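**Student:** Just so it is clear, I am handing over final.cif, which has mmCIF, C-alpha atoms and all ligand atoms.
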data_work
#
loop_
_atom_site.label_atom_id
_atom_site.label_comp_id
_atom_site.auth_asym_id
_atom_site.auth_seq_id
_atom_site.Cartn_x
_atom_site.Cartn_y
_atom_site.Cartn_z
CA MET A 12 3.08 16.30 12.72
CA ALA A 13 1.93 19.88 12.29
CA ARG A 14 -0.09 20.64 9.21
CA ASP A 15 1.77 22.21 6.32
CA ILE A 16 0.29 23.55 3.12
CA LEU A 17 3.43 22.52 1.22
CA ALA A 18 2.98 18.90 2.31
CA THR A 19 -0.70 18.98 1.33
CA LEU A 20 0.06 20.37 -2.13
CA LYS A 21 2.82 17.78 -2.60
CA ASN A 22 0.43 14.96 -1.58
CA GLU A 23 -2.08 16.21 -4.12
CA HIS A 24 0.63 16.19 -6.80
CA ASP A 25 1.38 12.57 -5.92
CA ALA A 26 -2.30 11.63 -6.10
CA LEU A 27 -2.47 13.22 -9.57
CA ARG A 28 0.66 11.35 -10.66
CA GLY A 29 -1.03 8.13 -9.60
CA LEU A 30 -4.20 8.92 -11.56
CA PHE A 31 -2.17 9.77 -14.68
CA ALA A 32 -0.27 6.49 -14.33
CA ASP A 33 -3.60 4.62 -14.19
CA LEU A 34 -4.81 6.53 -17.23
CA LYS A 35 -1.65 5.72 -19.16
CA ALA A 36 -2.25 2.02 -18.48
CA THR A 37 -5.68 2.04 -20.19
CA THR A 38 -6.40 0.91 -23.75
CA ASP A 39 -8.57 2.48 -26.47
CA ARG A 40 -11.31 0.03 -25.44
CA GLY A 41 -11.35 1.30 -21.87
CA VAL A 42 -13.62 4.22 -22.63
CA LYS A 43 -15.46 4.19 -19.32
CA THR A 44 -12.26 3.85 -17.28
CA ARG A 45 -10.67 6.69 -19.26
CA THR A 46 -13.71 8.92 -18.80
CA ASP A 47 -13.83 8.20 -15.05
CA LEU A 48 -10.11 8.79 -14.61
CA LEU A 49 -10.22 12.07 -16.50
CA GLU A 50 -13.13 13.17 -14.27
CA ARG A 51 -11.12 12.30 -11.17
CA ILE A 52 -8.04 14.09 -12.49
CA GLU A 53 -10.00 17.26 -13.13
CA ALA A 54 -11.81 17.04 -9.81
CA ALA A 55 -8.41 16.91 -8.10
CA LEU A 56 -6.52 19.31 -10.34
CA ILE A 57 -8.92 22.22 -10.77
CA PRO A 58 -9.39 23.16 -7.07
CA HIS A 59 -5.63 22.70 -6.52
CA ALA A 60 -4.71 24.96 -9.44
CA LYS A 61 -7.34 27.61 -8.71
CA TRP A 62 -6.34 27.90 -5.08
CA GLU A 63 -2.68 28.15 -6.01
CA GLU A 64 -3.53 30.91 -8.48
CA GLN A 65 -5.80 32.85 -6.16
CA VAL A 66 -4.12 32.44 -2.78
CA PHE A 67 -0.76 30.69 -2.72
CA TYR A 68 0.94 32.21 -5.76
CA PRO A 69 0.00 35.82 -4.86
CA ALA A 70 1.20 35.28 -1.25
CA PHE A 71 4.44 33.80 -2.60
CA LYS A 72 4.90 36.60 -5.10
CA GLU A 73 4.57 39.25 -2.42
CA ARG A 74 7.62 37.91 -0.59
CA ALA A 75 9.66 36.59 -3.50
CA ASP A 76 13.05 37.89 -4.62
CA ARG A 77 13.95 38.16 -8.32
CA ASP A 78 14.44 34.41 -8.75
CA GLY A 79 11.20 33.81 -6.94
CA LEU A 80 9.37 36.20 -9.26
CA GLN A 81 10.68 34.29 -12.26
CA THR A 82 9.61 30.99 -10.69
CA HIS A 83 6.18 32.49 -10.06
CA ALA A 84 5.86 33.67 -13.67
CA GLU A 85 6.94 30.27 -14.93
CA ALA A 86 4.42 28.41 -12.79
CA LEU A 87 1.59 30.69 -13.86
CA ALA A 88 2.49 30.33 -17.55
CA GLU A 89 2.33 26.55 -17.14
CA HIS A 90 -1.09 26.78 -15.49
CA HIS A 91 -2.31 28.85 -18.43
CA ALA A 92 -0.93 26.41 -21.00
CA VAL A 93 -2.71 23.53 -19.28
CA GLU A 94 -5.97 25.43 -18.89
CA GLN A 95 -6.10 27.06 -22.30
CA THR A 96 -4.50 24.47 -24.56
CA ILE A 97 -3.93 21.06 -23.03
CA ILE A 98 -7.28 20.47 -21.31
CA PRO A 99 -9.42 21.72 -24.23
CA GLU A 100 -7.43 19.46 -26.60
CA VAL A 101 -8.06 16.48 -24.34
CA HIS A 102 -11.77 17.30 -24.31
CA ALA A 103 -11.78 17.53 -28.10
CA ALA A 104 -10.60 13.89 -28.36
CA ASP A 105 -12.82 10.84 -28.18
CA PRO A 106 -11.73 8.69 -25.18
CA GLY A 107 -11.68 5.59 -27.39
CA THR A 108 -8.91 6.89 -29.64
CA PRO A 109 -5.10 7.11 -29.85
CA GLU A 110 -5.54 10.91 -29.96
CA PHE A 111 -6.98 10.82 -26.46
CA ALA A 112 -4.13 8.56 -25.30
CA GLY A 113 -1.52 10.90 -26.81
CA ARG A 114 -3.05 14.10 -25.51
CA THR A 115 -3.61 12.80 -21.98
CA LYS A 116 -0.01 11.54 -21.96
CA VAL A 117 1.20 15.08 -22.71
CA PHE A 118 -1.22 16.39 -20.08
CA GLY A 119 0.31 14.01 -17.49
CA GLU A 120 3.86 14.87 -18.50
CA LEU A 121 3.22 18.58 -18.20
CA ILE A 122 1.59 18.18 -14.79
CA ASP A 123 4.50 16.06 -13.60
CA HIS A 124 7.01 18.63 -14.87
CA HIS A 125 5.07 21.51 -13.29
CA ALA A 126 4.67 19.68 -9.97
CA LYS A 127 8.39 18.86 -9.90
CA GLU A 128 9.30 22.53 -10.48
CA GLU A 129 6.96 23.58 -7.69
CA GLU A 130 8.32 20.99 -5.29
CA LYS A 131 12.00 21.51 -6.10
CA THR A 132 12.02 25.29 -6.54
CA MET A 133 8.92 27.18 -5.43
CA PHE A 134 8.07 25.14 -2.34
CA LYS A 135 11.71 25.13 -1.33
CA MET A 136 11.71 28.93 -1.47
CA ALA A 137 8.33 29.06 0.29
CA ARG A 138 9.72 27.02 3.17
CA GLN A 139 12.09 29.95 3.83
CA LEU A 140 9.55 32.69 3.15
CA PHE A 141 6.71 31.37 5.35
CA THR A 142 6.93 30.31 8.98
CA ALA A 143 5.63 26.92 10.11
CA GLU A 144 2.65 28.71 11.69
CA GLU A 145 1.84 30.48 8.44
CA ARG A 146 2.07 27.22 6.51
CA ALA A 147 -0.24 25.52 8.99
CA GLN A 148 -2.68 28.43 8.74
CA LEU A 149 -2.65 28.29 4.93
CA ASP A 150 -3.29 24.57 5.10
CA GLU A 151 -6.39 25.10 7.25
CA GLU A 152 -7.65 27.84 4.96
CA TYR A 153 -7.15 25.64 1.92
CA GLU A 154 -9.12 22.79 3.46
CA ALA A 155 -12.02 25.12 4.30
CA TRP A 156 -11.87 26.72 0.85
CA LYS A 157 -12.12 23.34 -0.90
CA GLN A 158 -15.43 22.73 0.87
CA SER A 159 -16.79 26.20 0.12
CA ASP A 160 -19.37 27.27 -2.47
CA THR A 161 -16.74 29.52 -4.06
CA ALA A 162 -14.62 26.49 -4.86
CA ALA A 163 -17.58 24.49 -6.19
CA THR A 164 -18.64 27.36 -8.47
CA LEU A 165 -15.11 27.86 -9.77
CA VAL A 166 -14.64 24.18 -10.51
CA ALA A 167 -17.96 23.98 -12.35
CA ALA A 168 -17.07 27.07 -14.40
CA GLU A 169 -13.65 25.69 -15.34
CA LYS A 170 -15.14 22.37 -16.38
CA ALA A 171 -17.76 24.05 -18.53
CA LYS A 172 -15.10 26.22 -20.15
CA ALA A 173 -12.88 23.20 -20.93
CA GLY A 174 -15.87 21.41 -22.44
CA ILE A 175 -16.83 24.34 -24.66
CA LYS A 176 -13.26 24.95 -25.82
CA GLY A 177 -13.00 21.24 -26.49
CA VAL A 178 -16.04 21.36 -28.75
CA VAL A 179 -14.59 24.32 -30.66
CA LYS A 180 -11.26 22.55 -31.10
CA ALA A 181 -13.00 19.33 -32.20
CA VAL A 182 -14.84 21.26 -34.91
CA ARG A 183 -11.59 22.90 -36.10
CA HIS A 184 -9.57 19.68 -36.32
FE FE B 1 0.73 24.78 -9.83
FE FE B 2 0.72 22.41 -7.47
#
Can the structure from this file be put into structure tokens for me?
Ligand SMILES: [Fe+2]
Ligand SMILES: [Fe+2]

**Tutor:**
Amino acid sequence: MARDILATLKNEHDALRGLFADLKATTDRGVKTRTDLLERIEAALIPHAKWEEQVFYPAFKERADRDGLQTHAEALAEHHAVEQTIIPEVHAADPGTPEFAGRTKVFGELIDHHAKEEEKTMFKMARQLFTAEERAQLDEEYEAWKQSDTAATLVAAEKAKAGIKGVVKAVRH
């Protein structure tokens, strides 16, 4: 089958759903498992989200009609909520606590909701707006980008930011 960026993004959503399901199954005593799973979730989520924000969403926006523009705005607002509120709150919680369990549950629910909206609305529109060749090309570019220094730097910066905001929130609580 030809490569398709929309299939790749959907597969990454499914991988994230799986990791969140594993995380939900942990107990307050599973501190190491929780820490590892959160690491894996962020390692998968951050490059995905950053690439969507920097490449896919702008390309989509350029061709979108009014409904598409609203979908784009909605998706971006959800990214911001996750980045600025949800992730820092998760980082402010100790992995051995019910707070961590509650906050990561909300994190997983939001990601699932966001992924569903992308799959059912945005990607459906994108299938009409981009040719199969363009989608294959985007898929190749995404794969190369994920291995680039730019991606590594961005991911490191996002992680540091989440950690710092988490500390600030922990102090405030
Ligand atoms: Fe997204
Ligand atoms: Fe996505």

**Student:** Would you list the contacts of Ala181 in chain A as a ChimeraX atom specification, taking every protein, DNA or RNA residue within 8 Å and counting only C-alpha atoms, but skipping same-chain residues closer than 5 positions in sequence?

**Tutor:** /A:100,103-104

**Student:** Pull C-alpha atoms from the residues just selected and write them as an mmCIF file, in the frame of the given file.

**Tutor:**
data_model
loop_
_atom_site.group_PDB
_atom_site.id
_atom_site.type_symbol
_atom_site.label_atom_id
_atom_site.label_comp_id
_atom_site.auth_asym_id
_atom_site.auth_seq_id
_atom_site.Cartn_x
_atom_site.Cartn_y
_atom_site.Cartn_z
ATOM 1 C CA GLU A 100 -7.430 19.460 -26.600
ATOM 2 C CA ALA A 103 -11.780 17.530 -28.100
ATOM 3 C CA ALA A 104 -10.600 13.890 -28.360
#

**Student:** So, with only C-alpha atoms as the atoms that count, which of A:Leu140, A:Ala147, A:Ala70, A:Ile122 lies closest to Ala18 in chain A?

**Tutor:** A:Ala147

**Student:** Have a look at CA of Gly107 in chain A and atom FE of ligand FE 1 (chain B) and let me know their distance in Å, one decimal.

**Tutor:** 28.8 Å

**Student:** Please indicate the distance in Å from CA of Asp15 in chain A to CA of Arg146 in chain A, rounded to one decimal place.

**Tutor:**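 Distance reported for this atom pair: 5.0 Å.
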
**Student:** Which is closest to ligand FE 2 (chain B) among A:Lys157, A:Arg114, A:Arg51, A:Lys61, if we use all atoms listed in the file?

**Tutor:** A:Lys61
